>>> print(open('protein-v1.txt').read())   # compact mmCIF, C-alpha atoms and all ligand atoms
# COMPACT_ATOMS: atom_id res chain seq x y z
CA MET A 254 0.00 0.00 0.00
CA PHE A 255 1.38 3.42 -0.98
CA PRO A 256 1.66 6.08 1.73
CA THR A 257 -0.92 8.91 1.76
CA ALA A 258 1.61 11.45 0.42
CA VAL A 259 2.24 9.37 -2.73
CA ARG A 260 -1.46 8.72 -3.34
CA ARG A 261 -2.13 12.45 -2.88
CA ALA A 262 0.56 13.42 -5.37
CA VAL A 263 -0.75 10.96 -7.98
CA ARG A 264 -4.30 12.17 -7.54
CA ARG A 265 -3.20 15.84 -7.66
CA TRP A 266 -1.56 15.35 -11.06
CA HIS A 267 -4.47 13.33 -12.39
CA ARG A 268 -6.90 16.03 -11.21
CA LEU A 269 -4.80 18.73 -12.88
CA TYR A 270 -4.94 16.78 -16.14
CA ARG A 271 -8.73 16.46 -15.89
CA GLU A 272 -9.18 20.14 -14.97
CA THR A 273 -7.06 21.16 -17.96
CA ARG A 274 -9.22 18.93 -20.13
CA LEU A 275 -12.37 20.58 -18.73
CA VAL A 276 -11.10 24.05 -19.66
CA ALA A 277 -9.99 22.84 -23.09
CA LEU A 278 -13.43 21.31 -23.74
CA ALA A 279 -15.14 24.54 -22.62
CA LEU A 280 -12.90 26.55 -24.93
CA LYS A 281 -13.52 24.18 -27.81
CA SER A 282 -17.33 24.05 -27.70
CA PRO A 283 -20.19 26.21 -26.34
CA HIS A 284 -22.75 23.39 -26.55
CA HIS A 285 -22.41 21.55 -23.23
CA PRO A 286 -22.87 22.38 -19.52
CA VAL A 287 -19.47 23.11 -17.97
CA PHE A 288 -20.67 23.00 -14.35
CA ALA A 289 -23.80 21.60 -12.75
CA HIS A 290 -24.86 21.95 -9.12
CA ALA A 291 -27.03 19.06 -7.94
CA VAL A 292 -28.90 19.06 -4.62
CA VAL A 293 -28.64 15.69 -2.82
CA ILE A 294 -30.74 16.76 0.18
CA ARG A 295 -32.42 20.04 1.10
CA ARG A 296 -32.23 19.46 4.86
CA CYS A 297 -29.46 21.05 6.89
CA ASN A 298 -28.25 20.47 10.45
CA LEU A 299 -27.49 24.22 10.83
CA ALA A 300 -29.54 27.36 10.15
CA CYS A 301 -27.33 30.26 9.00
CA THR A 302 -29.46 33.41 8.93
CA TYR A 303 -28.22 34.53 5.47
CA CYS A 304 -29.05 31.19 3.82
CA SER A 305 -32.17 30.50 1.73
CA GLU A 306 -31.16 27.02 0.60
CA PHE A 307 -32.17 24.70 3.39
CA ASP A 308 -35.08 23.27 5.33
CA THR A 309 -35.26 21.19 8.49
CA THR A 310 -37.41 18.29 7.37
CA SER A 311 -36.83 16.97 3.86
CA LYS A 312 -35.51 13.51 3.12
CA PRO A 313 -32.44 12.68 0.98
CA VAL A 314 -33.08 12.36 -2.76
CA PRO A 315 -33.50 8.56 -3.29
CA ILE A 316 -30.23 7.06 -4.48
CA GLU A 317 -31.57 5.51 -7.71
CA GLU A 318 -33.09 8.87 -8.65
CA MET A 319 -29.83 10.67 -7.85
CA LEU A 320 -27.80 8.22 -9.95
CA ALA A 321 -30.22 8.65 -12.88
CA ARG A 322 -29.72 12.44 -12.68
CA ILE A 323 -25.93 12.03 -12.78
CA ASP A 324 -26.28 9.74 -15.82
CA GLN A 325 -28.44 12.37 -17.55
CA LEU A 326 -25.93 15.16 -16.76
CA ALA A 327 -23.18 13.00 -18.27
CA ALA A 328 -25.34 12.33 -21.36
CA LEU A 329 -25.70 16.12 -21.82
CA GLY A 330 -21.90 16.43 -21.85
CA THR A 331 -21.49 18.05 -18.40
CA THR A 332 -17.84 18.24 -17.32
CA ALA A 333 -18.09 18.93 -13.54
CA VAL A 334 -20.76 18.26 -10.94
CA THR A 335 -20.90 19.95 -7.54
CA LEU A 336 -23.05 18.18 -4.96
CA THR A 337 -24.81 20.63 -2.70
CA GLY A 338 -27.64 20.93 -0.20
CA GLY A 339 -28.72 21.59 2.55
CA GLU A 340 -25.95 19.56 4.11
CA THR A 341 -24.58 16.97 1.71
CA LEU A 342 -23.15 14.67 4.39
CA LEU A 343 -26.71 14.08 5.66
CA HIS A 344 -27.19 11.99 2.51
CA PRO A 345 -26.34 8.45 3.66
CA GLU A 346 -25.14 7.34 0.20
CA VAL A 347 -23.46 10.46 -1.10
CA GLU A 348 -20.32 8.40 -1.77
CA ARG A 349 -22.24 6.36 -4.39
CA VAL A 350 -23.24 9.58 -6.12
CA ILE A 351 -19.60 10.75 -6.14
CA ALA A 352 -18.44 7.40 -7.54
CA ARG A 353 -21.05 7.67 -10.32
CA ILE A 354 -19.81 11.16 -11.26
CA ARG A 355 -16.27 9.83 -11.48
CA HIS A 356 -17.44 6.78 -13.42
CA HIS A 357 -18.54 9.20 -16.17
CA GLY A 358 -15.18 11.03 -16.13
CA MET A 359 -16.62 14.23 -14.67
CA LEU A 360 -15.01 16.24 -11.86
CA ALA A 361 -16.68 15.48 -8.51
CA ILE A 362 -16.95 18.41 -6.11
CA MET A 363 -18.91 18.62 -2.87
CA ILE A 364 -19.94 21.46 -0.57
CA SER A 365 -20.37 20.77 3.14
CA ASN A 366 -20.46 22.57 6.48
CA GLY A 367 -18.07 19.88 7.75
CA TYR A 368 -19.90 19.17 11.02
CA LEU A 369 -20.43 15.47 10.22
CA LEU A 370 -16.88 14.71 9.07
CA SER A 371 -14.95 11.96 10.81
CA VAL A 372 -11.73 10.18 9.85
CA ASP A 373 -13.79 7.24 8.56
CA ARG A 374 -16.02 9.50 6.44
CA ILE A 375 -12.94 11.25 4.98
CA LYS A 376 -11.50 7.87 4.01
CA SER A 377 -14.77 6.81 2.44
CA LEU A 378 -14.83 10.05 0.40
CA ASN A 379 -11.26 9.20 -0.71
CA ARG A 380 -12.40 5.79 -1.87
CA ALA A 381 -15.40 7.24 -3.70
CA GLY A 382 -13.02 9.44 -5.73
CA LEU A 383 -14.03 12.91 -4.53
CA ASP A 384 -11.95 15.56 -6.33
CA ARG A 385 -12.63 18.61 -4.16
CA LEU A 386 -14.43 19.43 -0.91
CA GLN A 387 -15.49 22.97 -0.15
CA ILE A 388 -16.12 23.72 3.51
CA SER A 389 -17.69 26.99 4.54
CA ILE A 390 -16.40 28.69 7.70
CA ASP A 391 -17.63 32.18 8.55
CA ASN A 392 -16.35 33.08 12.03
CA LEU A 393 -14.10 31.96 14.89
CA SER A 394 -16.91 31.22 17.36
CA PRO A 395 -20.63 30.64 16.72
CA ASP A 396 -22.78 33.77 16.77
CA ASN A 397 -26.42 34.43 15.94
CA VAL A 398 -25.67 34.53 12.16
CA SER A 399 -23.55 31.43 11.59
CA MET A 400 -22.35 28.38 13.51
CA LYS A 401 -19.83 27.50 10.79
CA SER A 402 -17.00 28.38 13.13
CA LEU A 403 -13.29 27.63 13.20
CA ARG A 404 -13.41 26.76 16.91
CA VAL A 405 -15.91 23.98 16.19
CA LEU A 406 -14.35 22.80 12.93
CA ASP A 407 -10.61 23.04 13.53
CA GLN A 408 -10.29 19.35 14.50
CA LYS A 409 -12.08 18.39 11.27
CA LEU A 410 -9.64 20.54 9.29
CA ARG A 411 -6.71 18.80 10.95
CA TRP A 412 -8.19 15.41 10.02
CA LEU A 413 -8.63 16.60 6.46
CA ALA A 414 -5.05 17.87 6.30
CA GLN A 415 -3.88 14.46 7.50
CA HIS A 416 -6.14 12.04 5.61
CA ALA A 417 -7.86 13.67 2.62
CA GLU A 418 -6.58 12.66 -0.81
CA PHE A 419 -8.89 15.24 -2.40
CA GLN A 420 -8.39 18.97 -2.58
CA VAL A 421 -9.87 20.87 0.39
CA HIS A 422 -11.02 24.45 0.05
CA ILE A 423 -12.23 26.70 2.87
CA HIS A 424 -14.75 29.32 1.77
CA SER A 425 -15.92 32.22 3.92
CA VAL A 426 -18.83 34.56 3.27
CA VAL A 427 -17.97 38.20 3.95
CA GLY A 428 -20.65 40.80 4.75
CA ALA A 429 -23.21 38.35 6.16
CA GLY A 430 -23.47 40.27 9.42
CA THR A 431 -21.28 38.01 11.56
CA ALA A 432 -20.14 39.68 14.79
CA LYS A 433 -16.47 40.05 13.74
CA PRO A 434 -15.86 40.26 9.96
CA ALA A 435 -12.08 40.23 10.55
CA ASP A 436 -12.40 36.59 11.73
CA VAL A 437 -12.29 35.65 8.04
CA LEU A 438 -8.62 36.70 7.90
CA THR A 439 -7.73 34.32 10.73
CA ILE A 440 -9.67 31.53 9.00
CA GLN A 441 -7.81 32.08 5.72
CA ARG A 442 -4.45 32.06 7.54
CA ARG A 443 -5.35 28.85 9.38
CA ALA A 444 -6.29 27.20 6.07
CA LYS A 445 -2.91 28.19 4.64
CA GLU A 446 -1.10 26.89 7.73
CA LEU A 447 -2.75 23.48 7.22
CA GLY A 448 -1.96 23.47 3.48
CA LEU A 449 -5.63 23.88 2.48
CA GLY A 450 -7.01 26.26 -0.16
CA SER A 451 -9.17 29.23 0.77
CA SER A 452 -11.38 31.93 -0.72
CA ALA A 453 -13.89 34.55 0.37
CA GLY A 454 -17.23 35.37 -1.26
CA ILE A 455 -19.60 38.28 -0.84
CA VAL A 456 -23.03 37.82 0.66
CA HIS A 457 -25.93 38.06 -1.77
CA ASP A 458 -29.69 38.26 -1.38
CA PRO A 459 -31.97 35.33 -2.35
CA THR A 460 -32.02 36.51 -5.99
CA GLY A 461 -28.21 36.53 -6.35
CA LYS A 462 -27.88 40.32 -6.15
CA MET A 463 -25.00 41.67 -4.14
CA GLN A 464 -25.94 43.14 -0.78
CA GLN A 465 -24.22 46.27 0.43
CA ILE A 466 -21.40 45.45 2.81
CA ASP A 467 -19.88 47.66 5.50
CA GLN A 468 -16.41 49.24 5.40
CA GLU A 469 -14.94 46.70 7.81
CA SER A 470 -15.97 43.86 5.47
CA ARG A 471 -14.49 45.74 2.49
CA ASP A 472 -11.22 46.12 4.37
CA VAL A 473 -11.22 42.38 5.10
CA LEU A 474 -11.68 41.55 1.40
CA ALA A 475 -8.87 43.96 0.48
CA ALA A 476 -6.57 42.38 3.08
CA ILE A 477 -7.35 38.88 1.76
CA GLU A 478 -6.54 40.05 -1.75
CA ARG A 479 -3.20 41.45 -0.60
CA GLU A 480 -2.34 38.15 1.06
CA THR A 481 -3.16 35.96 -1.95
CA LYS A 482 -0.29 34.87 -4.15
CA PRO A 483 0.57 37.17 -7.06
CA LEU A 484 -0.20 34.27 -9.43
CA PHE A 485 -3.58 33.92 -11.15
CA ASN A 486 -6.53 33.73 -8.83
CA PHE A 487 -10.01 34.12 -10.25
CA ALA A 488 -11.39 36.09 -7.26
CA ARG A 489 -8.45 38.46 -7.58
CA HIS A 490 -8.76 38.83 -11.35
CA ASN A 491 -12.57 38.87 -11.61
CA PRO A 492 -13.26 42.30 -13.13
CA TRP A 493 -16.98 41.96 -12.45
CA ARG A 494 -16.49 41.45 -8.70
CA LYS A 495 -14.40 44.62 -8.55
CA ASN A 496 -17.24 46.60 -10.16
CA LEU A 497 -19.82 45.16 -7.79
CA LEU A 498 -17.77 46.18 -4.78
CA GLU A 499 -17.78 49.70 -6.17
CA GLY A 500 -21.58 49.51 -6.53
CA LYS A 501 -21.39 49.43 -10.35
CA PRO A 502 -23.42 47.06 -12.59
CA ASN A 503 -21.68 44.73 -15.03
CA ASP A 504 -22.26 44.33 -18.74
CA TRP A 505 -21.85 40.59 -19.34
CA HIS A 506 -23.87 37.72 -20.72
CA CYS A 507 -24.95 35.01 -18.25
CA PRO A 508 -24.99 31.55 -19.92
CA ALA A 509 -26.89 29.82 -17.07
CA GLY A 510 -29.40 27.19 -18.12
CA GLY A 511 -26.93 26.05 -20.78
CA ARG A 512 -23.35 26.27 -19.53
CA HIS A 513 -24.36 26.12 -15.85
CA LEU A 514 -27.26 24.04 -14.50
CA TYR A 515 -28.74 23.91 -11.01
CA ILE A 516 -30.70 20.72 -10.32
CA CYS A 517 -32.99 21.00 -7.32
CA GLU A 518 -34.10 18.13 -5.09
CA ASP A 519 -37.17 17.62 -7.32
CA GLY A 520 -34.98 17.04 -10.37
CA LEU A 521 -35.83 20.32 -12.12
CA VAL A 522 -33.24 22.39 -13.98
CA HIS A 523 -32.86 26.03 -12.83
CA TYR A 524 -30.44 28.76 -13.89
CA CYS A 525 -28.62 28.83 -10.55
CA MET A 526 -29.27 28.56 -6.81
CA ALA A 527 -30.48 32.18 -6.76
CA GLN A 528 -32.76 32.01 -9.80
CA ARG A 529 -34.85 28.95 -9.12
CA GLY A 530 -38.04 28.71 -11.16
CA TYR A 531 -36.39 29.34 -14.56
CA PRO A 532 -36.68 27.31 -16.74
CA ALA A 533 -37.77 24.70 -14.13
CA LYS A 534 -37.91 21.85 -16.66
CA PRO A 535 -37.28 18.25 -15.53
CA LEU A 536 -33.64 17.24 -16.08
CA ALA A 537 -34.85 13.92 -17.52
CA GLU A 538 -36.48 15.89 -20.39
CA TYR A 539 -33.73 18.49 -20.85
CA THR A 540 -32.29 18.46 -24.36
CA GLN A 541 -29.50 19.98 -26.44
CA GLU A 542 -32.07 22.44 -27.75
CA ASP A 543 -32.81 23.60 -24.16
CA ILE A 544 -29.08 24.00 -23.48
CA ASP A 545 -28.44 26.09 -26.57
CA ARG A 546 -31.57 28.25 -26.10
CA GLU A 547 -31.08 28.98 -22.39
CA ALA A 548 -27.34 29.68 -22.78
CA LYS A 549 -28.28 32.47 -25.19
CA THR A 550 -31.26 33.86 -23.21
CA PRO A 551 -30.46 37.26 -21.63
CA LYS A 552 -30.92 37.31 -17.82
CA SER A 553 -32.26 40.51 -16.27
CA CYS A 554 -30.48 39.69 -12.98
CA ALA A 555 -27.01 39.74 -14.64
CA PRO A 556 -25.89 43.35 -13.89
CA TYR A 557 -25.61 42.82 -10.11
CA CYS A 558 -25.06 39.05 -10.06
CA THR A 559 -22.56 37.64 -7.52
CA ILE A 560 -22.61 34.01 -8.67
CA PHE A 561 -18.91 33.85 -9.45
CA CYS A 562 -18.84 30.28 -10.76
CA VAL A 563 -21.10 31.43 -13.63
CA HIS A 564 -18.88 34.51 -14.22
CA ARG A 565 -16.01 32.10 -14.63
CA ILE A 566 -17.78 30.12 -17.37
CA ALA A 567 -18.82 33.35 -19.13
CA LEU A 568 -15.19 34.45 -19.20
CA VAL A 569 -14.09 31.15 -20.72
CA ASP A 570 -16.76 31.61 -23.40
CA GLN A 571 -15.51 35.14 -24.02
CA ILE A 572 -11.97 33.80 -24.38
CA ARG A 573 -13.24 31.53 -27.17
CA THR A 574 -15.20 34.17 -29.03
CA ASP A 575 -13.05 37.24 -28.42
CA PRO A 576 -9.77 36.16 -26.77
CA ARG A 577 -8.05 39.52 -26.98
CA LYS A 578 -10.88 41.37 -25.29
CA ALA A 579 -11.29 38.68 -22.62
CA LEU A 580 -7.60 38.56 -21.75
CA ALA A 581 -7.39 42.36 -21.73
CA THR A 582 -10.32 42.45 -19.29
CA LEU A 583 -8.90 39.74 -17.08
CA PHE A 584 -5.30 40.89 -17.15
CA PRO A 585 -5.12 44.64 -17.79
CA GLY A 586 -1.66 45.34 -19.16
CA GLY A 587 0.62 48.26 -18.50
CA GLU A 588 2.88 48.84 -15.57
CA GLY A 589 2.11 46.47 -12.72
CA GLY A 590 -0.52 44.74 -14.84
CA ALA A 591 -0.97 41.02 -14.42
CA ARG A 592 0.17 38.69 -17.19
CA PRO A 593 -1.92 35.62 -17.95
CA PRO A 594 -0.29 32.52 -16.46
CA LEU A 595 1.37 30.14 -18.92
CA PRO A 596 -1.38 27.44 -18.93
CA VAL A 597 -4.05 30.10 -19.71
CA ARG A 598 -1.97 31.52 -22.58
CA MET A 599 -1.26 28.03 -23.96
CA LEU A 600 -4.89 26.89 -23.84
CA THR A 601 -6.10 30.17 -25.31
CA GLY A 602 -3.62 29.92 -28.17
CA LEU A 603 -4.57 26.34 -28.86
CA PHE A 604 -8.35 26.47 -28.58
CA ALA A 605 -9.54 30.06 -28.82
CA ALA A 606 -9.42 30.55 -32.56
CA GLU A 607 -10.70 27.95 -35.00
CA LYS A 608 -8.00 27.49 -37.58
CA PRO A 609 -9.05 26.11 -40.96
CA GLY A 610 -7.91 22.51 -41.08
CA GLY A 611 -6.80 22.69 -37.43
CA GLY A 612 -3.22 23.39 -36.27
CA ILE A 613 -0.87 20.50 -35.60
CA MET A 614 -0.31 21.65 -32.02
CA ARG A 615 -4.02 21.92 -31.43
CA LYS A 616 -4.62 18.42 -32.78
CA ALA A 617 -1.78 17.05 -30.67
CA ALA A 618 -3.11 18.76 -27.53
CA MET A 619 -6.59 17.38 -28.17
CA LYS A 620 -5.17 13.91 -28.54
CA VAL A 621 -3.23 14.19 -25.26
CA LEU A 622 -6.36 15.47 -23.49
CA GLY A 623 -8.53 12.75 -25.06
CA ILE A 624 -10.81 15.25 -26.84
CA GLN A 625 -12.37 14.18 -30.12
S1 LIG W 701 -24.69 25.26 6.62
FE1 LIG W 701 -24.93 25.87 4.48
S2 LIG W 701 -26.90 24.97 3.81
FE2 LIG W 701 -26.84 24.91 6.05
S3 LIG W 701 -27.90 26.77 6.68
FE3 LIG W 701 -25.70 27.26 6.65
S4 LIG W 701 -25.28 28.08 4.58
FE4 LIG W 701 -27.30 27.05 4.53
S1 LIG W 702 -27.13 36.36 -13.78
FE1 LIG W 702 -27.18 34.18 -14.12
S2 LIG W 702 -25.98 33.29 -12.46
FE2 LIG W 702 -26.46 35.39 -11.89
S3 LIG W 702 -28.29 35.26 -10.63
FE3 LIG W 702 -28.97 35.62 -12.74
S4 LIG W 702 -29.28 33.58 -13.62
FE4 LIG W 702 -28.09 33.32 -11.74
>>> encode(input="protein-v1.txt", output="structure tokens", more="lines below")
Ligand code: SF4
Ligand code: SF4
Amino acid sequence: MFPTAVRRAVRRWHRLYRETRLVALALKSPHHPVFAHAVVIRRCNLACTYCSEFDTTSKPVPIEEMLARIDQLAALGTTAVTLTGGETLLHPEVERVIARIRHHGMLAIMISNGYLLSVDRIKSLNRAGLDRLQISIDNLSPDNVSMKSLRVLDQKLRWLAQHAEFQVHIHSVVGAGTAKPADVLTIQRRAKELGLGSSAGIVHDPTGKMQQIDQESRDVLAAIERETKPLFNFARHNPWRKNLLEGKPNDWHCPAGGRHLYICEDGLVHYCMAQRGYPAKPLAEYTQEDIDREAKTPKSCAPYCTIFCVHRIALVDQIRTDPRKALATLFPGGEGGARPPLPVRMLTGLFAAEKPGGGIMRKAAMKVLGIQ
């Protein structure tokens, strides 16, 4: 049996290969969902006051139904599935869902509040093939807004640092009204100390629109940005987030319903967690025609949208259609301007522009990445 460090290294490289393939596929074609969020259970064991995505009673989605939804997402060409809730670990067979995602070659990501993690559960998530776990932590000690607290979860983080073969990412919501916004800085530093990834998001209302945040929360976000590595980081280079923080709307096209799908516990497709009810068609009946139509449909909620995972897909699409403009937006040049990292420049060069007959390098890259 190989030691954990070796297994981790092998899995890290394999994941990097599959993530590169995901980006290359997204650059190559606009006709498939890049990311899907799928709810495995709506119930949660906590009750954060800023959250509109949980209840206290519902049962897990039956496993056969959940597996059929994963099969349908794979049939539509989806490249990554994030399992969400409620609290995902309340689903007794979530590992089978993860294994099914991996069986189809998709990236398997899961969001959890971490309360139910144990060493055994971490090992069973390893065996299932989980690629990434995102844990939300909002403060150091529980307050009346959130109980997702470092004091309660630190032991779980240490277990993850020791046993997880998947990537672990700590996410904090800034501006939610927690007693001490600056706690988020300590959480991010603790994540770094344990070798885990971290990020901070901005609180939004139930429709996805950014809520105004106080100066202390703005200062915290600025401090986090200063502490992140100077390399590429989407939160740092997201031009739309910068505008929102300045109270300005954004002019972008949201491709949700086509490039991003949100599947609720009833198996209906929605644009995203904040825009449930549109188009609200059963996933089992969702077709290529639905994907192409909804990806093109303008969304009136776009100007103040804070759903950054959909921003990310929109930017990839912009790189394909107008690479110069997209890269100039993402990496403004000039003195002190950021330069796109090498993998981004290579993928853009290879996949952004359709060359008649196809370039040799492009064909070779597609072969290496297993893309037809
Ligand atoms: S732990 Fe997550 S799902 Fe549960 S109430 Fe808090 S934010 Fe909502
Ligand atoms: S713009 Fe798109 S991602 Fe944002 S809230 Fe509206 S539908 Fe959701």
>>> residues_near_ligand(input="protein-v1.txt", ligand="ligand LIG 702 (chain W)", cutoff="7 Å", atoms="all atoms listed in the file", output="PyMOL selection string")
chain A and resi 460-462+507-509+524-528+552-555+558-560+563
>>> residues_near_ligand(input="protein-v1.txt", ligand="ligand LIG 701 (chain W)", cutoff="8 Å", atoms="only C-alpha atoms and all ligand atoms", output="NGL selection string")
:A and (295-307 or 338-340 or 365-366 or 389 or 399-401)
>>> closest_residue(input="protein-v1.txt", among="A:Pro256, A:Pro286, A:Pro315, A:Pro459", to="Tyr539 in chain A", atoms="only C-alpha atoms")
A:Pro286
>>> atom_distance(input="protein-v1.txt", atom1="CA of Ile566 in chain A", atom2="CA of Gly382 in chain A")
24.2 Å
>>> closest_residue(input="protein-v1.txt", among="A:Ser371, A:Val427, A:Ala533, A:Leu320", to="Gln468 in chain A", atoms="all atoms listed in the file")
A:Val427
>>> atom_distance(input="protein-v1.txt", atom1="CA of Met363 in chain A", atom2="CA of Leu474 in chain A")
24.4 Å
>>> atom_distance(input="protein-v1.txt", atom1="CA of Met359 in chain A", atom2="CA of Arg268 in chain A")
10.5 Å
>>> residues_around(input="protein-v1.txt", residues="range 407-412 of chain A", least_positions_apart="3", cutoff="12 Å", atoms="only C-alpha atoms", output="PyMOL selection string")
chain A and resi 365-376+386-390+392-394+401-404+415-418+421-423+439-440+443-450
>>> residues_around(input="protein-v1.txt", residues="range 325-332 of chain A", least_positions_apart="2", cutoff="12 Å", atoms="all atoms listed in the file", output="ChimeraX atom specification")
/A:271-279,282-291,318-323,334-335,353-362,511-516,520,522,535-545,566
>>> write_last_selection(input="protein-v1.txt", atoms="C-alpha atoms", output="short mmCIF file (atom, residue, chain, number, x, y, z; two decimals), in the frame of the given file")
data_model
loop_
_atom_site.label_atom_id
_atom_site.label_comp_id
_atom_site.auth_asym_id
_atom_site.auth_seq_id
_atom_site.Cartn_x
_atom_site.Cartn_y
_atom_site.Cartn_z
CA ARG A 271 -8.73 16.46 -15.89
CA GLU A 272 -9.18 20.14 -14.97
CA THR A 273 -7.06 21.16 -17.96
CA ARG A 274 -9.22 18.93 -20.13
CA LEU A 275 -12.37 20.58 -18.73
CA VAL A 276 -11.10 24.05 -19.66
CA ALA A 277 -9.99 22.84 -23.09
CA LEU A 278 -13.43 21.31 -23.74
CA ALA A 279 -15.14 24.54 -22.62
CA SER A 282 -17.33 24.05 -27.70
CA PRO A 283 -20.19 26.21 -26.34
CA HIS A 284 -22.75 23.39 -26.55
CA HIS A 285 -22.41 21.55 -23.23
CA PRO A 286 -22.87 22.38 -19.52
CA VAL A 287 -19.47 23.11 -17.97
CA PHE A 288 -20.67 23.00 -14.35
CA ALA A 289 -23.80 21.60 -12.75
CA HIS A 290 -24.86 21.95 -9.12
CA ALA A 291 -27.03 19.06 -7.94
CA GLU A 318 -33.09 8.87 -8.65
CA MET A 319 -29.83 10.67 -7.85
CA LEU A 320 -27.80 8.22 -9.95
CA ALA A 321 -30.22 8.65 -12.88
CA ARG A 322 -29.72 12.44 -12.68
CA ILE A 323 -25.93 12.03 -12.78
CA VAL A 334 -20.76 18.26 -10.94
CA THR A 335 -20.90 19.95 -7.54
CA ARG A 353 -21.05 7.67 -10.32
CA ILE A 354 -19.81 11.16 -11.26
CA ARG A 355 -16.27 9.83 -11.48
CA HIS A 356 -17.44 6.78 -13.42
CA HIS A 357 -18.54 9.20 -16.17
CA GLY A 358 -15.18 11.03 -16.13
CA MET A 359 -16.62 14.23 -14.67
CA LEU A 360 -15.01 16.24 -11.86
CA ALA A 361 -16.68 15.48 -8.51
CA ILE A 362 -16.95 18.41 -6.11
CA GLY A 511 -26.93 26.05 -20.78
CA ARG A 512 -23.35 26.27 -19.53
CA HIS A 513 -24.36 26.12 -15.85
CA LEU A 514 -27.26 24.04 -14.50
CA TYR A 515 -28.74 23.91 -11.01
CA ILE A 516 -30.70 20.72 -10.32
CA GLY A 520 -34.98 17.04 -10.37
CA VAL A 522 -33.24 22.39 -13.98
CA PRO A 535 -37.28 18.25 -15.53
CA LEU A 536 -33.64 17.24 -16.08
CA ALA A 537 -34.85 13.92 -17.52
CA GLU A 538 -36.48 15.89 -20.39
CA TYR A 539 -33.73 18.49 -20.85
CA THR A 540 -32.29 18.46 -24.36
CA GLN A 541 -29.50 19.98 -26.44
CA GLU A 542 -32.07 22.44 -27.75
CA ASP A 543 -32.81 23.60 -24.16
CA ILE A 544 -29.08 24.00 -23.48
CA ASP A 545 -28.44 26.09 -26.57
CA ILE A 566 -17.78 30.12 -17.37
#
>>> closest_residue(input="protein-v1.txt", among="A:Ala381, A:Asp467, A:Phe561, A:Lys534", to="Ala453 in chain A", atoms="only C-alpha atoms")
A:Phe561
>>> closest_residue(input="protein-v1.txt", among="A:Leu342, A:Val263, A:Ala475, A:Ala548", to="Ile364 in chain A", atoms="all atoms listed in the file")
A:Leu342
>>> axis_aligned_box(input="protein-v1.txt", around="range 343-355 of chain A", padding_each_side="4 Å", output="lines of an AutoDock Vina configuration file")
center_x = -21.7
center_y = 10.2
center_z = -2.9
size_x = 18.9
size_y = 15.7
size_z = 25.1
>>> closest_residue(input="protein-v1.txt", among="A:Asp519, A:Asp384, A:Asp504, A:Asp570", to="Pro556 in chain A", atoms="only C-alpha atoms")
A:Asp504
>>> closest_residue(input="protein-v1.txt", among="A:Leu378, A:Ile294, A:Val398, A:Thr309", to="His344 in chain A", atoms="all atoms listed in the file")
A:Ile294
